[in-house]
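S.K.: Provided herewith: start_5.tsv, TSV, C-alpha atoms and all ligand atoms.
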chain	number	residue	atom	x	y	z
P	1	VAL	CA	7.60	93.60	71.98
P	2	GLY	CA	7.19	89.95	71.00
P	3	GLU	CA	10.18	89.05	73.17
P	4	GLN	CA	8.73	90.97	76.12
P	5	VAL	CA	5.38	89.22	75.91
P	6	ALA	CA	7.01	85.80	75.70
P	7	ALA	CA	9.15	86.32	78.80
P	8	SER	CA	7.06	85.76	81.91
P	9	ARG	CA	8.65	82.75	83.51
P	10	ILE	CA	10.99	82.72	86.50
P	11	ALA	CA	14.23	80.71	86.21
P	12	VAL	CA	15.85	79.37	89.38
P	13	ILE	CA	19.44	78.27	88.82
P	14	GLY	CA	20.69	75.62	91.28
P	15	ALA	CA	18.25	73.22	92.91
P	16	GLY	CA	19.84	72.97	96.37
P	17	SER	CA	18.25	74.12	99.65
P	18	ILE	CA	17.72	77.70	98.52
P	19	GLY	CA	16.86	77.05	94.87
P	20	VAL	CA	14.18	74.53	95.83
P	21	ALA	CA	12.76	76.99	98.36
P	22	TRP	CA	12.67	79.84	95.81
P	23	ALA	CA	10.90	77.58	93.30
P	24	ILE	CA	8.20	77.01	95.93
P	25	VAL	CA	7.86	80.77	96.61
P	26	PHE	CA	7.33	81.59	92.93
P	27	ALA	CA	5.14	78.59	92.04
P	28	ARG	CA	2.98	79.03	95.14
P	29	ALA	CA	2.29	82.60	93.96
P	30	GLY	CA	1.09	81.31	90.59
P	31	ARG	CA	4.25	81.86	88.51
P	32	SER	CA	5.72	79.37	86.05
P	33	VAL	CA	9.17	78.31	87.19
P	34	ALA	CA	12.06	76.61	85.39
P	35	LEU	CA	14.35	74.99	87.97
P	36	TYR	CA	17.83	74.21	86.63
P	37	ASP	CA	20.70	72.23	88.10
P	38	VAL	CA	23.92	70.87	86.59
P	39	ASP	CA	23.29	67.64	88.49
P	40	GLU	CA	20.38	65.68	86.97
P	41	HIS	CA	20.08	63.44	90.02
P	42	ARG	CA	19.67	66.56	92.16
P	43	LEU	CA	16.64	67.53	90.06
P	44	VAL	CA	14.98	64.18	90.81
P	45	VAL	CA	15.54	64.68	94.54
P	46	ALA	CA	14.40	68.32	94.31
P	47	ARG	CA	11.04	67.29	92.82
P	48	LYS	CA	10.47	64.94	95.77
P	49	GLU	CA	11.57	67.58	98.34
P	50	ILE	CA	9.27	70.16	96.78
P	51	ALA	CA	6.29	67.77	96.87
P	52	GLU	CA	6.92	67.03	100.56
P	53	THR	CA	7.36	70.71	101.45
P	54	ILE	CA	4.23	71.85	99.61
P	55	ALA	CA	2.25	69.12	101.40
P	56	ASP	CA	3.58	70.39	104.76
P	57	LEU	CA	2.78	74.01	103.84
P	58	ALA	CA	-0.76	73.01	102.88
P	59	ARG	CA	-1.16	71.27	106.25
P	60	TYR	CA	-0.42	74.63	107.92
P	61	ASP	CA	-2.69	76.59	105.54
P	62	LEU	CA	0.34	78.19	103.88
P	63	ALA	CA	-0.28	76.75	100.41
P	64	ASP	CA	-3.25	75.43	98.54
P	65	ASP	CA	-3.64	72.98	95.70
P	66	ALA	CA	-0.32	71.16	95.92
P	67	ASP	CA	-0.73	69.51	92.50
P	68	ARG	CA	-1.19	72.82	90.70
P	69	ILE	CA	1.84	74.33	92.44
P	70	GLN	CA	3.98	71.32	91.45
P	71	ALA	CA	2.64	71.49	87.88
P	72	ARG	CA	3.98	75.04	87.50
P	73	ILE	CA	7.59	73.87	88.01
P	74	LEU	CA	9.65	72.60	85.11
P	75	TYR	CA	12.75	70.62	86.16
P	76	SER	CA	15.54	70.86	83.63
P	77	SER	CA	19.28	70.51	83.08
P	78	ASP	CA	19.13	72.63	79.93
P	79	LEU	CA	20.36	76.06	81.04
P	80	GLN	CA	19.53	77.91	77.85
P	81	GLY	CA	16.03	76.40	77.71
P	82	CYS	CA	15.42	77.56	81.30
P	83	VAL	CA	16.61	81.13	80.95
P	84	LYS	CA	15.79	82.12	77.38
P	85	ASP	CA	12.21	83.20	78.12
P	86	ALA	CA	12.61	84.08	81.81
P	87	ILE	CA	11.84	87.62	82.95
P	88	TYR	CA	13.63	87.09	86.28
P	89	ILE	CA	16.49	84.72	87.13
P	90	GLN	CA	17.31	83.76	90.71
P	91	GLU	CA	20.79	82.22	90.76
P	92	SER	CA	21.15	79.88	93.75
P	93	ALA	CA	24.31	77.89	92.98
P	94	PRO	CA	27.06	77.24	95.57
P	95	GLU	CA	28.72	80.20	97.31
P	96	SER	CA	31.92	80.30	95.22
P	97	LEU	CA	33.17	83.41	93.45
P	98	PRO	CA	34.74	81.70	90.39
P	99	LEU	CA	31.62	79.53	89.97
P	100	LYS	CA	29.22	82.47	90.23
P	101	ARG	CA	31.33	84.62	87.88
P	102	ASP	CA	31.31	81.87	85.22
P	103	LEU	CA	27.63	81.23	85.71
P	104	PHE	CA	26.70	84.92	85.47
P	105	ARG	CA	28.67	85.22	82.23
P	106	LEU	CA	26.55	82.40	80.79
P	107	LEU	CA	23.34	83.86	82.19
P	108	ASP	CA	24.06	87.32	80.83
P	109	ASN	CA	24.76	85.81	77.39
P	110	GLN	CA	21.72	83.54	77.28
P	111	ALA	CA	19.02	85.50	79.11
P	112	TYR	CA	16.33	87.56	77.48
P	113	SER	CA	17.59	91.13	77.11
P	114	HIS	CA	15.29	92.69	79.73
P	115	ALA	CA	15.56	89.91	82.31
P	116	VAL	CA	16.74	90.76	85.82
P	117	ILE	CA	19.52	88.47	87.04
P	118	ALA	CA	19.62	88.07	90.83
P	119	SER	CA	22.01	86.08	92.99
P	120	SER	CA	20.99	84.49	96.31
P	121	SER	CA	24.57	84.98	97.52
P	122	SER	CA	24.95	85.33	101.29
P	123	ALA	CA	28.34	87.04	101.29
P	124	ILE	CA	29.73	87.57	97.79
P	125	THR	CA	28.64	90.92	96.37
P	126	ILE	CA	27.27	91.50	92.89
P	127	SER	CA	30.21	93.90	92.32
P	128	GLN	CA	32.51	90.90	92.64
P	129	ILE	CA	30.34	88.60	90.51
P	130	ALA	CA	29.20	90.75	87.60
P	131	ASP	CA	31.60	93.71	87.20
P	132	GLN	CA	32.93	92.47	83.84
P	133	LEU	CA	29.57	91.80	82.20
P	134	THR	CA	27.93	93.81	79.42
P	135	GLY	CA	24.62	93.39	81.20
P	136	ARG	CA	25.89	94.18	84.69
P	137	HIS	CA	23.28	96.96	85.05
P	138	ARG	CA	20.59	94.25	85.32
P	139	CYS	CA	22.43	92.21	87.99
P	140	LEU	CA	21.99	92.40	91.76
P	141	VAL	CA	21.93	90.28	94.92
P	142	VAL	CA	18.57	89.14	96.27
P	143	HIS	CA	19.49	87.37	99.50
P	144	PRO	CA	16.71	85.39	101.20
P	145	GLY	CA	16.37	84.07	104.71
P	146	ASN	CA	16.26	80.28	104.85
P	147	PRO	CA	13.71	79.12	103.83
P	148	PRO	CA	12.17	81.99	101.87
P	149	TYR	CA	8.73	80.35	101.66
P	150	LEU	CA	8.51	80.96	105.45
P	151	LEU	CA	10.75	84.00	106.04
P	152	ARG	CA	9.31	86.77	103.89
P	153	ILE	CA	12.20	89.21	103.87
P	154	ALA	CA	14.64	89.34	100.95
P	155	GLU	CA	17.63	91.67	101.00
P	156	ILE	CA	18.08	93.55	97.74
P	157	VAL	CA	21.74	94.50	97.39
P	158	PRO	CA	22.59	96.34	94.17
P	159	ALA	CA	26.09	97.38	93.09
P	160	ALA	CA	26.87	100.94	92.01
P	161	PHE	CA	26.54	99.64	88.40
P	162	THR	CA	23.03	98.17	88.93
P	163	ASN	CA	20.44	100.50	87.44
P	164	VAL	CA	17.40	101.84	89.27
P	165	ALA	CA	14.96	100.07	86.92
P	166	THR	CA	16.50	96.70	87.86
P	167	VAL	CA	16.12	97.39	91.58
P	168	GLN	CA	12.54	98.48	91.04
P	169	ALA	CA	11.72	95.42	88.89
P	170	ALA	CA	13.14	93.09	91.56
P	171	ARG	CA	11.19	94.86	94.30
P	172	THR	CA	7.94	94.68	92.33
P	173	LEU	CA	8.36	91.03	91.44
P	174	LEU	CA	9.28	90.00	95.00
P	175	SER	CA	6.33	91.90	96.45
P	176	SER	CA	4.01	90.27	93.90
P	177	VAL	CA	4.98	86.81	95.17
P	178	GLY	CA	4.43	87.73	98.82
P	179	MET	CA	8.02	88.59	99.80
P	180	LEU	CA	9.08	91.72	101.73
P	181	PRO	CA	12.04	93.24	99.88
P	182	ILE	CA	14.47	95.30	101.98
P	183	LEU	CA	16.96	97.55	100.17
P	184	VAL	CA	20.54	97.43	101.48
P	185	LYS	CA	22.02	100.79	100.53
P	186	LYS	CA	25.69	99.76	100.70
P	187	GLU	CA	27.42	96.52	99.73
P	188	ILE	CA	28.73	95.64	103.19
P	189	GLU	CA	29.84	92.14	104.15
P	190	GLY	CA	27.00	90.12	105.67
P	191	PHE	CA	24.37	92.59	104.40
P	192	LEU	CA	21.78	93.28	107.16
P	193	PHE	CA	20.51	89.84	108.09
P	194	ASN	CA	23.88	88.29	108.85
P	195	ARG	CA	25.30	91.48	110.42
P	196	LEU	CA	22.51	91.43	113.00
P	197	GLN	CA	22.67	87.67	113.41
P	198	GLY	CA	26.46	87.89	113.71
P	199	ALA	CA	26.34	90.54	116.46
P	200	LEU	CA	24.23	88.24	118.61
P	201	LEU	CA	26.18	85.10	117.78
P	202	ARG	CA	29.55	86.75	118.56
P	203	GLU	CA	28.27	87.77	122.00
P	204	ALA	CA	26.77	84.30	122.55
P	205	TYR	CA	30.19	82.71	121.88
P	206	CYS	CA	31.84	85.16	124.33
P	207	LEU	CA	29.31	84.30	127.03
P	208	VAL	CA	29.97	80.55	126.64
P	209	ARG	CA	33.74	81.14	126.56
P	210	ASP	CA	33.57	83.18	129.77
P	211	GLY	CA	31.48	80.53	131.56
P	212	VAL	CA	28.50	82.88	132.02
P	213	ALA	CA	25.90	80.44	130.69
P	214	THR	CA	25.48	77.16	128.80
P	215	VAL	CA	24.71	76.89	125.09
P	216	ALA	CA	21.22	75.57	125.91
P	217	ASP	CA	20.47	78.45	128.29
P	218	ILE	CA	21.55	81.08	125.76
P	219	ASP	CA	19.41	79.47	123.07
P	220	CYS	CA	16.52	79.46	125.57
P	221	ILE	CA	16.91	83.19	126.29
P	222	VAL	CA	16.48	83.81	122.56
P	223	SER	CA	13.77	81.27	121.71
P	224	GLU	CA	11.63	82.09	124.77
P	225	GLY	CA	12.50	85.78	125.22
P	226	LEU	CA	14.07	87.89	122.52
P	227	GLY	CA	12.80	85.74	119.64
P	228	PRO	CA	9.04	85.85	120.29
P	229	ARG	CA	9.29	89.61	120.77
P	230	TRP	CA	11.35	90.03	117.61
P	231	SER	CA	8.82	88.01	115.61
P	232	ILE	CA	6.51	91.02	116.03
P	233	ILE	CA	8.76	94.07	116.41
P	234	GLY	CA	12.48	94.70	115.88
P	235	PRO	CA	15.16	95.90	118.32
P	236	PHE	CA	14.50	99.61	117.75
P	237	GLU	CA	10.78	99.30	118.34
P	238	THR	CA	11.44	97.06	121.35
P	239	ALA	CA	13.58	99.78	122.94
P	240	ASP	CA	10.95	102.37	122.00
P	241	LEU	CA	8.07	100.45	123.58
P	242	ASN	CA	9.94	99.28	126.68
P	243	THR	CA	10.57	102.78	128.01
P	244	ARG	CA	8.02	105.45	128.84
P	245	GLY	CA	8.97	108.44	126.71
P	246	GLY	CA	10.21	106.17	123.95
P	247	ILE	CA	13.62	105.44	122.48
P	248	ALA	CA	15.05	108.90	123.29
P	249	VAL	CA	14.64	108.17	127.01
P	250	HIS	CA	15.85	104.59	126.49
P	251	ALA	CA	19.08	105.82	124.84
P	252	GLU	CA	19.70	108.32	127.61
P	253	ARG	CA	19.13	105.79	130.40
P	254	LEU	CA	20.66	102.67	128.92
P	255	GLY	CA	23.14	104.07	126.36
P	256	PRO	CA	26.02	104.23	128.88
P	257	ALA	CA	25.46	100.62	130.05
P	258	TYR	CA	25.38	99.35	126.44
P	259	ALA	CA	28.54	101.38	125.70
P	260	ARG	CA	30.32	99.68	128.66
P	261	MET	CA	29.23	96.23	127.39
P	262	GLY	CA	30.56	97.13	123.94
P	263	ALA	CA	33.85	98.39	125.40
P	264	GLU	CA	34.24	95.07	127.24
P	265	ARG	CA	34.28	93.46	123.77
P	266	GLY	CA	36.67	96.03	122.33
P	267	GLN	CA	33.94	97.90	120.51
P	268	ASP	CA	33.87	101.68	120.41
P	269	ASP	CA	30.75	102.79	118.54
P	270	PRO	CA	29.07	105.31	120.82
P	271	TRP	CA	25.46	106.31	120.29
P	272	THR	CA	26.31	109.96	119.69
P	273	PRO	CA	23.62	112.65	120.13
P	274	VAL	CA	23.42	113.01	116.32
P	275	LEU	CA	22.95	109.26	115.82
P	276	VAL	CA	20.35	109.02	118.58
P	277	ALA	CA	18.51	112.01	117.08
P	278	THR	CA	18.39	110.22	113.69
P	279	VAL	CA	16.97	107.06	115.26
P	280	VAL	CA	14.47	109.02	117.37
P	281	ALA	CA	13.28	111.01	114.34
P	282	GLN	CA	12.69	107.82	112.33
P	283	ARG	CA	10.87	106.13	115.20
P	284	ARG	CA	8.67	109.16	115.87
P	285	ALA	CA	7.76	109.32	112.18
P	286	LEU	CA	6.68	105.67	112.41
P	287	LEU	CA	4.93	106.02	115.78
P	288	PRO	CA	3.99	109.39	117.30
P	289	LEU	CA	4.33	109.26	121.08
P	290	GLY	CA	0.57	109.86	121.34
P	291	GLN	CA	0.05	106.33	119.97
P	292	TRP	CA	2.66	104.71	122.22
P	293	ARG	CA	0.28	103.23	124.77
P	294	ASP	CA	-1.98	101.67	122.09
P	295	ARG	CA	1.04	100.18	120.37
P	296	VAL	CA	2.28	98.61	123.63
P	297	ALA	CA	-1.15	97.04	124.11
P	298	TRP	CA	-1.06	95.80	120.49
P	299	ARG	CA	2.43	94.34	121.02
P	300	ASN	CA	1.15	92.48	124.07
P	301	ARG	CA	-1.86	91.09	122.19
P	302	MET	CA	0.40	89.91	119.37
P	303	LEU	CA	2.64	88.22	121.97
P	304	MET	CA	-0.47	86.49	123.30
P	305	ALA	CA	-1.24	85.19	119.79
P	306	ILE	CA	2.37	84.02	119.41
P	307	SER	CA	2.28	82.35	122.85
P	308	ARG	CA	-0.91	80.53	121.91
P	309	ALA	CA	0.54	79.41	118.56
P	310	LYS	CA	3.72	78.18	120.29
P	311	ARG	CA	1.72	76.30	122.89
P	312	LEU	CA	-0.32	74.60	120.17
P	313	ALA	CA	2.76	73.82	118.07
P	314	LEU	CA	5.11	72.69	120.82
P	315	GLY	CA	2.72	71.58	123.54
P	316	SER	CA	4.60	73.86	125.95
P	317	PRO	CA	2.74	75.25	128.98
A	401	LIG	N1	21.66	77.75	102.98
A	401	LIG	C1	21.35	78.95	103.47
A	401	LIG	O1	20.98	79.10	104.65
A	401	LIG	C2	21.37	80.15	102.56
A	401	LIG	C3	20.62	81.28	102.92
A	401	LIG	C4	20.61	82.38	102.04
A	401	LIG	C5	21.39	82.35	100.88
A	401	LIG	N2	22.12	81.25	100.59
A	401	LIG	C6	22.92	81.26	99.36
A	401	LIG	O2	22.21	80.55	98.36
A	401	LIG	C7	23.15	79.91	97.47
A	401	LIG	C8	22.85	78.43	97.41
A	401	LIG	O3	23.03	77.87	98.70
A	401	LIG	P1	22.40	76.45	99.11
A	401	LIG	O4	22.49	76.36	100.59
A	401	LIG	O5	21.12	76.23	98.42
A	401	LIG	O6	23.50	75.46	98.46
A	401	LIG	P2	23.33	73.91	98.07
A	401	LIG	O7	24.70	73.33	98.10
A	401	LIG	O8	22.24	73.29	98.87
A	401	LIG	O9	22.82	73.96	96.56
A	401	LIG	C9	23.59	74.38	95.47
A	401	LIG	C10	23.06	73.68	94.21
A	401	LIG	O10	23.71	74.25	93.07
A	401	LIG	C11	24.01	73.21	92.17
A	401	LIG	N3	25.10	73.65	91.29
A	401	LIG	C12	26.44	73.47	91.41
A	401	LIG	N4	27.07	74.06	90.39
A	401	LIG	C13	26.11	74.65	89.61
A	401	LIG	C14	26.14	75.41	88.42
A	401	LIG	N5	27.28	75.71	87.82
A	401	LIG	N6	24.97	75.81	87.91
A	401	LIG	C15	23.80	75.53	88.51
A	401	LIG	N7	23.71	74.81	89.65
A	401	LIG	C16	24.86	74.39	90.19
A	401	LIG	C17	24.36	72.03	93.03
A	401	LIG	O11	24.18	70.79	92.31
A	401	LIG	C18	23.34	72.18	94.18
A	401	LIG	O12	22.13	71.48	93.89
A	401	LIG	C19	24.53	80.27	97.97
A	401	LIG	O13	25.01	81.40	97.31
A	401	LIG	C20	24.27	80.59	99.44
A	401	LIG	O14	25.24	81.46	100.01
A	401	LIG	C21	22.13	80.14	101.39
What would the structure in this file look like if it were written as structure tokens?
Ligand SMILES: NC(=O)c1ccc[n+]([C@@H]2O[C@H](COP(=O)([O-])OP(=O)(O)OC[C@H]3O[C@@H](n4cnc5c(N)ncnc54)[C@H](O)[C@@H]3O)[C@@H](O)[C@H]2O)c1
M.R.:
Amino acid sequence: VGEQVAASRIAVIGAGSIGVAWAIVFARAGRSVALYDVDEHRLVVARKEIAETIADLARYDLADDADRIQARILYSSDLQGCVKDAIYIQESAPESLPLKRDLFRLLDNQAYSHAVIASSSSAITISQIADQLTGRHRCLVVHPGNPPYLLRIAEIVPAAFTNVATVQAARTLLSSVGMLPILVKKEIEGFLFNRLQGALLREAYCLVRDGVATVADIDCIVSEGLGPRWSIIGPFETADLNTRGGIAVHAERLGPAYARMGAERGQDDPWTPVLVATVVAQRRALLPLGQWRDRVAWRNRMLMAISRAKRLALGSP
């Protein structure tokens, strides 16, 4: 029990772009953070970067009391000192399998017995990193968007050997610091974030290659069109709200055109009736058709708020 009471701190391992950003997330939410790096000079730079970022966040009303936030972060190159009383460890070292495997072996040996050990890894799975460890049941991937103090989602990607209590503890902790954890049910390459990003980026490259549009024009279509919409609702809800009758009608009308576009790229993943029925059932559970019109009006009002914020931020018309 004594050990449990003592362990309340968060340890962030690696003080690069992502480690620094995680330290801000946790400290801003009132948690004590130990930020570790092998490179002592990096820790000096990290302290300065964190001070500048917290000041910027405060300017946009996204953080208060910069001094108190900074005071919650301990900068240290003593790994054992950082992890020994941490309840949650967010490993954010470089994306290298041998490096992460070695590091996780150390973390599993030195961490408090009930600590959750999470990796920020973008592509390497926890199955690859932690399969040989005694404490592998308490290891998982928690992959953030960059930077996590602005993008609230975090992908939770457990391995088959990760236990349910670990997943639940990670979810609870992330929610408590203002993040939105999303469970990825299978360890697929790219998880969800980069799969979706990759689908768009692959098509964007094809369009430039085929001389259909310039790089600037494709970026503009996203930043002024798809992006603002997606900052409020995702692609499924977009399809649902853009067609009277909802996503079932959308799939029937536009499914064949999207299938032809996919075929042009060598893709053969038809929206079968069973798949469409699954998507429709999930959408209707989230939004009964009787509320469709109100939701469209809400979407439009939110787009108005986004347009106003963009105009203020960018000075655009
Ligand atoms: N940059 C992104 O957009 C992004 C987004 C999500 C996830 N990630 C993932 O987060 C992790 C970190 O990425 P990053 O962009 O912050 O990298 P980075 O290169 O900016 O930072 C890595 C830090 O780890 C330190 N380091 C090196 N060896 C170490 C060790 N053995 N122990 C502790 N620290 C060590 C380095 O000194 C450096 O400060 C990677 O796994 C990456 O895939 C990155």
S.K.: Would you mind reading off the distance between CA of Val279 (chain P) and CA of Asp240 (chain P), one decimal, in Å?
M.R.: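 Straight-line distance from CA of Val279 (chain P) to CA of Asp240 (chain P) works out to 10.2 Å.
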S.K.: Which residues form the shell of 6 Å around ligand LIG 401 (chain A) when you count all atoms listed in the file, given as an MDAnalysis selection string?
M.R.: chainID P and resid 13:19 37:39 42 92:95 103 120:122 143:146
S.K.: Could you tell me how far CA of Ala66 (chain P) lies from CA of Leu312 (chain P), in Å and to one decimal?
M.R.: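 If I compute the distance from CA of Ala66 (chain P) to CA of Leu312 (chain P), I get 24.5 Å.
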S.K.: What's the 9 Å shell around Ile247 (chain P), counting all atoms listed in the file, without same-chain residues fewer than 3 positions away, as a PyMOL selection string?
M.R.: chain P and resi 236-244+250-252+276+279-280+283
S.K.: Calculate how many Å separate CA of Tyr149 (chain P) from CA of Ser127 (chain P), rounding to one decimal.
M.R.: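 Between these atoms lies a distance of 27.1 Å.
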S.K.: Each residue of region 23-90 of chain P lying at most 12 Å from region 162-169 of chain P should get a row with its shortest atom-to-atom pair and the distance in Å to one decimal, counting only C-alpha atoms; could you produce that, ordered by chain and increasing number, as a tab-separated table?
M.R.:
residue	atom	partner	partner_atom	distance
P:Ile87	CA	P:Ala169	CA	9.8
P:Tyr88	CA	P:Ala169	CA	8.9
P:Ile89	CA	P:Ala169	CA	11.8
S.K.: Compare P:Ala58, P:Ala204, P:Leu74, P:Val222 by their minimum atom-to-atom distance to Arg265 (chain P), counting all atoms listed in the file, and give me the closest one.
M.R.: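 Using all atoms listed in the file, Arg265 (chain P) sits closest to P:Ala204.
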S.K.: Compare P:Gly190, P:Gly255, P:Gly290, P:Pro98 by their minimum atom-to-atom distance to Ala130 (chain P), counting all atoms listed in the file, and give me the closest one.
M.R.: P:Pro98
S.K.: Would you mind telling me which residue in P:Arg101, P:Glu49, P:Ile232, P:Ile153 lies nearest to Asp131 (chain P) when using all atoms listed in the file?
M.R.: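 When distances to Asp131 (chain P) are compared using all atoms listed in the file, the smallest one comes from P:Arg101.
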S.K.: For Ala23 (chain P), which of P:Val44, P:Val177, P:Ala154, P:Val142 is the closest residue, counting all atoms listed in the file?
M.R.: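 Of the candidates, the smallest distance to Ala23 (chain P) is held by P:Val177.
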S.K.: Taking only C-alpha atoms into account, which of P:Leu287, P:Leu107, P:Val83, P:Ala27 comes nearest Arg68 (chain P)?
M.R.: P:Ala27
